[in-house]
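**Q** This is the content of final14.pdb (PDB, C-alpha atoms):
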```
ATOM      1  CA  MET U   1      22.718 207.245-170.043  1.00  0.00           C
ATOM      2  CA  ILE U   2      19.394 206.057-171.371  1.00  0.00           C
ATOM      3  CA  GLU U   3      16.867 204.584-168.946  1.00  0.00           C
ATOM      4  CA  ASP U   4      13.672 202.732-169.761  1.00  0.00           C
ATOM      5  CA  LEU U   5      10.715 201.474-167.737  1.00  0.00           C
ATOM      6  CA  THR U   6      12.390 198.138-166.873  1.00  0.00           C
ATOM      7  CA  GLY U   7      15.045 199.898-164.816  1.00  0.00           C
ATOM      8  CA  ALA U   8      17.609 199.316-167.537  1.00  0.00           C
ATOM      9  CA  ILE U   9      20.436 201.664-168.403  1.00  0.00           C
ATOM     10  CA  GLU U  10      22.166 201.784-171.754  1.00  0.00           C
ATOM     11  CA  ILE U  11      25.683 202.973-172.530  1.00  0.00           C
ATOM     12  CA  THR U  12      27.131 203.300-176.039  1.00  0.00           C
ATOM     13  CA  GLN U  13      30.822 203.684-176.854  1.00  0.00           C
ATOM     14  CA  ARG U  14      32.678 203.807-180.161  1.00  0.00           C
ATOM     15  CA  ILE U  15      35.914 201.814-180.031  1.00  0.00           C
ATOM     16  CA  GLU U  16      38.608 202.083-182.716  1.00  0.00           C
ATOM     17  CA  ALA U  17      39.116 198.339-183.120  1.00  0.00           C
ATOM     18  CA  PRO U  18      37.212 195.558-184.878  1.00  0.00           C
ATOM     19  CA  PRO U  19      34.631 193.489-182.917  1.00  0.00           C
ATOM     20  CA  ASP U  20      36.879 190.411-182.574  1.00  0.00           C
ATOM     21  CA  ILE U  21      39.541 192.469-180.770  1.00  0.00           C
ATOM     22  CA  VAL U  22      36.968 194.191-178.528  1.00  0.00           C
ATOM     23  CA  PHE U  23      35.374 190.810-177.763  1.00  0.00           C
ATOM     24  CA  ALA U  24      38.768 189.443-176.661  1.00  0.00           C
ATOM     25  CA  TYR U  25      39.070 192.334-174.181  1.00  0.00           C
ATOM     26  CA  LEU U  26      35.676 191.391-172.751  1.00  0.00           C
ATOM     27  CA  THR U  27      36.373 187.671-172.352  1.00  0.00           C
ATOM     28  CA  ASP U  28      40.108 187.160-171.711  1.00  0.00           C
ATOM     29  CA  SER U  29      41.166 187.679-168.074  1.00  0.00           C
ATOM     30  CA  GLN U  30      44.570 189.217-168.865  1.00  0.00           C
ATOM     31  CA  ARG U  31      43.168 191.640-171.429  1.00  0.00           C
ATOM     32  CA  PHE U  32      40.150 192.478-169.263  1.00  0.00           C
ATOM     33  CA  VAL U  33      42.226 193.938-166.418  1.00  0.00           C
ATOM     34  CA  ARG U  34      43.906 196.359-168.831  1.00  0.00           C
ATOM     35  CA  TRP U  35      40.668 198.369-168.845  1.00  0.00           C
ATOM     36  CA  MET U  36      38.744 197.271-165.744  1.00  0.00           C
ATOM     37  CA  GLY U  37      39.753 195.912-162.394  1.00  0.00           C
ATOM     38  CA  VAL U  38      42.857 194.752-160.605  1.00  0.00           C
ATOM     39  CA  GLY U  39      42.058 191.087-161.093  1.00  0.00           C
ATOM     40  CA  ALA U  40      39.660 188.975-163.143  1.00  0.00           C
ATOM     41  CA  GLU U  41      38.826 185.294-163.438  1.00  0.00           C
ATOM     42  CA  LEU U  42      36.679 184.830-166.554  1.00  0.00           C
ATOM     43  CA  ASP U  43      35.305 181.481-167.737  1.00  0.00           C
ATOM     44  CA  ALA U  44      33.678 182.908-170.867  1.00  0.00           C
ATOM     45  CA  ARG U  45      31.276 180.164-171.938  1.00  0.00           C
ATOM     46  CA  PRO U  46      27.551 179.674-171.328  1.00  0.00           C
ATOM     47  CA  GLY U  47      27.207 178.643-167.692  1.00  0.00           C
ATOM     48  CA  GLY U  48      30.784 179.729-166.950  1.00  0.00           C
ATOM     49  CA  ARG U  49      31.385 181.936-163.932  1.00  0.00           C
ATOM     50  CA  TYR U  50      33.357 185.142-163.627  1.00  0.00           C
ATOM     51  CA  ARG U  51      34.748 187.140-160.717  1.00  0.00           C
ATOM     52  CA  ILE U  52      36.142 190.651-161.158  1.00  0.00           C
ATOM     53  CA  ASP U  53      38.068 192.478-158.430  1.00  0.00           C
ATOM     54  CA  VAL U  54      37.334 196.017-159.542  1.00  0.00           C
ATOM     55  CA  ASP U  55      39.442 197.965-157.046  1.00  0.00           C
ATOM     56  CA  GLY U  56      40.614 195.703-154.228  1.00  0.00           C
ATOM     57  CA  GLN U  57      37.344 196.221-152.319  1.00  0.00           C
ATOM     58  CA  HIS U  58      34.444 195.712-154.743  1.00  0.00           C
ATOM     59  CA  ILE U  59      34.029 192.257-156.291  1.00  0.00           C
ATOM     60  CA  ALA U  60      31.575 191.675-159.130  1.00  0.00           C
ATOM     61  CA  SER U  61      30.545 188.116-159.905  1.00  0.00           C
ATOM     62  CA  GLY U  62      28.006 186.155-161.877  1.00  0.00           C
ATOM     63  CA  GLU U  63      27.533 183.742-164.731  1.00  0.00           C
ATOM     64  CA  TYR U  64      27.739 183.940-168.506  1.00  0.00           C
ATOM     65  CA  GLN U  65      24.300 183.258-169.973  1.00  0.00           C
ATOM     66  CA  GLU U  66      24.885 183.796-173.683  1.00  0.00           C
ATOM     67  CA  ILE U  67      28.037 184.115-175.777  1.00  0.00           C
ATOM     68  CA  ASP U  68      27.987 184.789-179.524  1.00  0.00           C
ATOM     69  CA  PRO U  69      31.581 185.679-180.539  1.00  0.00           C
ATOM     70  CA  PRO U  70      32.385 188.347-181.503  1.00  0.00           C
ATOM     71  CA  TRP U  71      28.971 190.017-181.426  1.00  0.00           C
ATOM     72  CA  ARG U  72      27.226 189.525-178.093  1.00  0.00           C
ATOM     73  CA  LEU U  73      27.628 188.632-174.413  1.00  0.00           C
ATOM     74  CA  VAL U  74      24.907 188.277-171.788  1.00  0.00           C
ATOM     75  CA  LEU U  75      25.799 187.710-168.149  1.00  0.00           C
ATOM     76  CA  SER U  76      24.259 187.894-164.722  1.00  0.00           C
ATOM     77  CA  TRP U  77      25.828 190.629-162.589  1.00  0.00           C
ATOM     78  CA  GLY U  78      26.079 191.620-158.970  1.00  0.00           C
ATOM     79  CA  TRP U  79      28.397 192.571-156.144  1.00  0.00           C
ATOM     80  CA  GLU U  80      29.618 190.233-153.427  1.00  0.00           C
ATOM     81  CA  GLY U  81      28.286 191.411-150.056  1.00  0.00           C
ATOM     82  CA  HIS U  82      25.967 194.026-151.620  1.00  0.00           C
ATOM     83  CA  PRO U  83      22.507 194.366-150.011  1.00  0.00           C
ATOM     84  CA  THR U  84      20.489 195.355-153.104  1.00  0.00           C
ATOM     85  CA  VAL U  85      22.594 194.169-156.071  1.00  0.00           C
ATOM     86  CA  PRO U  86      23.974 190.772-154.978  1.00  0.00           C
ATOM     87  CA  PRO U  87      25.738 188.437-157.447  1.00  0.00           C
ATOM     88  CA  GLY U  88      23.462 187.250-160.233  1.00  0.00           C
ATOM     89  CA  SER U  89      20.632 189.686-159.407  1.00  0.00           C
ATOM     90  CA  THR U  90      20.882 191.820-162.576  1.00  0.00           C
ATOM     91  CA  THR U  91      21.675 191.210-166.230  1.00  0.00           C
ATOM     92  CA  VAL U  92      24.278 192.846-168.474  1.00  0.00           C
ATOM     93  CA  GLU U  93      23.904 192.575-172.265  1.00  0.00           C
ATOM     94  CA  ILE U  94      26.816 193.703-174.443  1.00  0.00           C
ATOM     95  CA  THR U  95      26.422 193.979-178.207  1.00  0.00           C
ATOM     96  CA  LEU U  96      29.284 194.774-180.604  1.00  0.00           C
ATOM     97  CA  THR U  97      28.386 196.294-183.977  1.00  0.00           C
ATOM     98  CA  PRO U  98      31.023 196.908-186.673  1.00  0.00           C
ATOM     99  CA  GLU U  99      31.146 200.447-188.074  1.00  0.00           C
ATOM    100  CA  LEU U 100      33.767 201.556-190.617  1.00  0.00           C
ATOM    101  CA  GLY U 101      36.687 199.621-189.121  1.00  0.00           C
ATOM    102  CA  ALA U 102      35.620 200.364-185.570  1.00  0.00           C
ATOM    103  CA  THR U 103      33.071 198.891-183.155  1.00  0.00           C
ATOM    104  CA  ILE U 104      30.032 200.355-181.466  1.00  0.00           C
ATOM    105  CA  LEU U 105      29.749 198.784-178.036  1.00  0.00           C
ATOM    106  CA  THR U 106      26.233 198.911-176.613  1.00  0.00           C
ATOM    107  CA  LEU U 107      25.859 197.854-172.994  1.00  0.00           C
ATOM    108  CA  ARG U 108      22.434 197.398-171.405  1.00  0.00           C
ATOM    109  CA  HIS U 109      22.245 196.711-167.681  1.00  0.00           C
ATOM    110  CA  LEU U 110      18.810 195.438-166.669  1.00  0.00           C
ATOM    111  CA  GLY U 111      17.163 194.889-163.304  1.00  0.00           C
ATOM    112  CA  LEU U 112      18.904 197.555-161.243  1.00  0.00           C
ATOM    113  CA  PRO U 113      16.626 198.135-158.246  1.00  0.00           C
ATOM    114  CA  ASP U 114      16.505 201.928-157.901  1.00  0.00           C
ATOM    115  CA  GLU U 115      17.572 205.268-159.340  1.00  0.00           C
ATOM    116  CA  GLY U 116      20.703 205.442-157.181  1.00  0.00           C
ATOM    117  CA  GLU U 117      21.957 202.086-158.441  1.00  0.00           C
ATOM    118  CA  ARG U 118      21.088 202.977-162.044  1.00  0.00           C
ATOM    119  CA  ARG U 119      23.047 206.217-161.775  1.00  0.00           C
ATOM    120  CA  SER U 120      26.004 204.580-160.033  1.00  0.00           C
ATOM    121  CA  HIS U 121      26.203 201.740-162.571  1.00  0.00           C
ATOM    122  CA  ALA U 122      25.739 204.121-165.524  1.00  0.00           C
ATOM    123  CA  ASP U 123      28.652 206.208-164.236  1.00  0.00           C
ATOM    124  CA  GLY U 124      30.824 203.117-163.747  1.00  0.00           C
ATOM    125  CA  TRP U 125      30.032 201.569-167.141  1.00  0.00           C
ATOM    126  CA  THR U 126      30.613 204.918-168.858  1.00  0.00           C
ATOM    127  CA  GLN U 127      34.013 205.284-167.146  1.00  0.00           C
ATOM    128  CA  TYR U 128      35.124 201.745-167.972  1.00  0.00           C
ATOM    129  CA  SER U 129      33.829 201.697-171.561  1.00  0.00           C
ATOM    130  CA  ARG U 130      35.792 204.905-172.172  1.00  0.00           C
ATOM    131  CA  LYS U 131      38.871 203.272-170.631  1.00  0.00           C
ATOM    132  CA  LEU U 132      38.431 200.269-172.965  1.00  0.00           C
ATOM    133  CA  ALA U 133      38.229 202.649-175.935  1.00  0.00           C
ATOM    134  CA  GLU U 134      41.386 204.449-174.738  1.00  0.00           C
ATOM    135  CA  VAL U 135      43.341 201.199-174.303  1.00  0.00           C
ATOM    136  CA  LEU U 136      42.415 199.990-177.777  1.00  0.00           C
ATOM    137  CA  ALA U 137      42.980 203.400-179.386  1.00  0.00           C
ATOM    138  CA  ALA U 138      46.521 203.292-177.981  1.00  0.00           C
ATOM    139  CA  GLY U 139      47.107 200.171-180.038  1.00  0.00           C
ATOM    140  CA  VAL U 140      47.400 197.727-177.145  1.00  0.00           C
ATOM    141  CA  ARG U 141      46.042 194.598-178.813  1.00  0.00           C
ATOM    142  CA  ASN U 142      47.629 191.483-177.287  1.00  0.00           C
TER
END
```
I need this file expressed as structure tokens, please.
**A**
Amino acid sequence: MIEDLTGAIEITQRIEAPPDIVFAYLTDSQRFVRWMGVGAELDARPGGRYRIDVDGQHIASGEYQEIDPPWRLVLSWGWEGHPTVPPGSTTVEITLTPELGATILTLRHLGLPDEGERRSHADGWTQYSRKLAEVLAAGVRN
């Protein structure tokens, strides 16, 4: 985890798949739940909303702010019913960079209110980005 003065965290993960495949796993509801969550409704377009049921109890929701396939996604982020990180209160930026047939995923999460939330979100994003890499390394592509 990298942290800067804006309260942002940054996670980097190498994924053995090209950016267009990784991007599909970030924006398609059926593919998304193969690496994160038990349910997802994704309307991946600027102004589109998303809702991710991570584990049957924690629901993340927000709005897509920027989409540049297959290179970049920016979305508002938060948790339904959460006192300090409610829906839309933080920003997640995901950048996909090609590297020798693979992709470097860089995720920056900005606006997290305190050290505890930064640590918790860094742990979660690290876990799920690794899971995405594992799913794609196993050759699950459609």
**Q** Please check which residues have atoms at most 8 Å from (30.9, 199.3, -173.1) in the file's coordinates, counting all atoms listed in the file, and write them as number ranges by chain.
**A** U: 11-13, 94, 105-107, 125-126, 128-130, 132
**Q** Now that the selection is made, can you save its residues with C-alpha atoms as a compact mmCIF listing (two decimals), in the frame of the given file?
**A**
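The resulting part.txt:
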```txt
# COMPACT_ATOMS: atom_id res chain seq x y z
CA ILE U 11 25.68 202.97 -172.53
CA THR U 12 27.13 203.30 -176.04
CA GLN U 13 30.82 203.68 -176.85
CA ILE U 94 26.82 193.70 -174.44
CA LEU U 105 29.75 198.78 -178.04
CA THR U 106 26.23 198.91 -176.61
CA LEU U 107 25.86 197.85 -172.99
CA TRP U 125 30.03 201.57 -167.14
CA THR U 126 30.61 204.92 -168.86
CA TYR U 128 35.12 201.74 -167.97
CA SER U 129 33.83 201.70 -171.56
CA ARG U 130 35.79 204.90 -172.17
CA LEU U 132 38.43 200.27 -172.96
```
**Q** Go through U:Asp55, U:Ala60, U:Ala133, U:Thr97 and flag the residue nearest Gly81 of chain U, using only C-alpha atoms for the distances.
**A** U:Ala60
**Q** Using Å and a single decimal, report how far atom CA of Leu136 of chain U sits from atom CA of Glu99 of chain U.
**A**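 Distance reported for this atom pair: 15.3 Å.
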**Q** Select, counting all atoms listed in the file, all protein, DNA and RNA residues no farther than 8 Å from (22.4, 199.9, -171.1) in file coordinates, and express the selection as a VMD selection string.
**A** chain U and resid 1 to 3 8 to 12 92 to 93 106 to 110 122
**Q** Of the residues U:Ala138, U:Ala17, U:Leu26, U:Ala40, which is the one nearest to Thr95 of chain U, using all atoms listed in the file?
**A**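 Looking at the shortest contact to Thr95 of chain U, the residue is U:Leu26.
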**Q** Would you work out the distance separating atom CA of Phe23 of chain U from atom CA of Ser89 of chain U, expressed in Å to one decimal?
**A**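 Spanning atom CA of Phe23 of chain U to atom CA of Ser89 of chain U is a straight-line distance of 23.6 Å.
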**Q** Kindly give the distance, in Å, that separates atom CA of Trp35 of chain U and atom CA of Leu100 of chain U, rounded to a single decimal.
**A**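 Computing the Euclidean distance for atom CA of Trp35 of chain U and atom CA of Leu100 of chain U yields 23.1 Å.
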**Q** List the spatial neighbours of Val33 of chain U as a PyMOL selection string - criterion: any atom at most 12 Å away, only C-alpha atoms, same-chain residues fewer than 6 positions off excluded.
**A** chain U and resi 24-27+39-42+51-55+128+131-132+135
**Q** Might you pull out every residue within 6 Å of Ser76 of chain U, with only C-alpha atoms counted and same-chain residues fewer than 2 positions away left off, and present them as a list in words?
**A**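 Surrounding residues, per the criterion: Gly62, Glu63, Gly88, Thr90 and Thr91 of chain U.
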**Q** Point out the residue among U:Ser120, U:Arg49, U:Ala137, U:Leu96 with the least atom-to-atom distance to Val22 of chain U, counting all atoms listed in the file.
**A**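 The answer is U:Leu96, which sits nearest to Val22 of chain U.
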**Q** Taking all atoms listed in the file into account, which of U:Gly124, U:Gly139, U:Pro69, U:Pro113 comes nearest Asp20 of chain U?
**A** U:Pro69
**Q** With distances taken over all atoms listed in the file, which of U:Trp77, U:Gly111, U:Arg45, U:Phe32 is nearest to Ser61 of chain U?
**A**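 Selected residue with least distance to Ser61 of chain U: U:Trp77.
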**Q** Is it possible to get the axis-aligned box enclosing segment 62-65 of chain U (all listed atoms, 5 Å extra per side) as lines of an AutoDock Vina configuration file, with centre and edge lengths in Å rounded to one decimal?
**A**
```
center_x = 26.2
center_y = 184.7
center_z = -165.9
size_x = 13.7
size_y = 12.9
size_z = 18.1
```
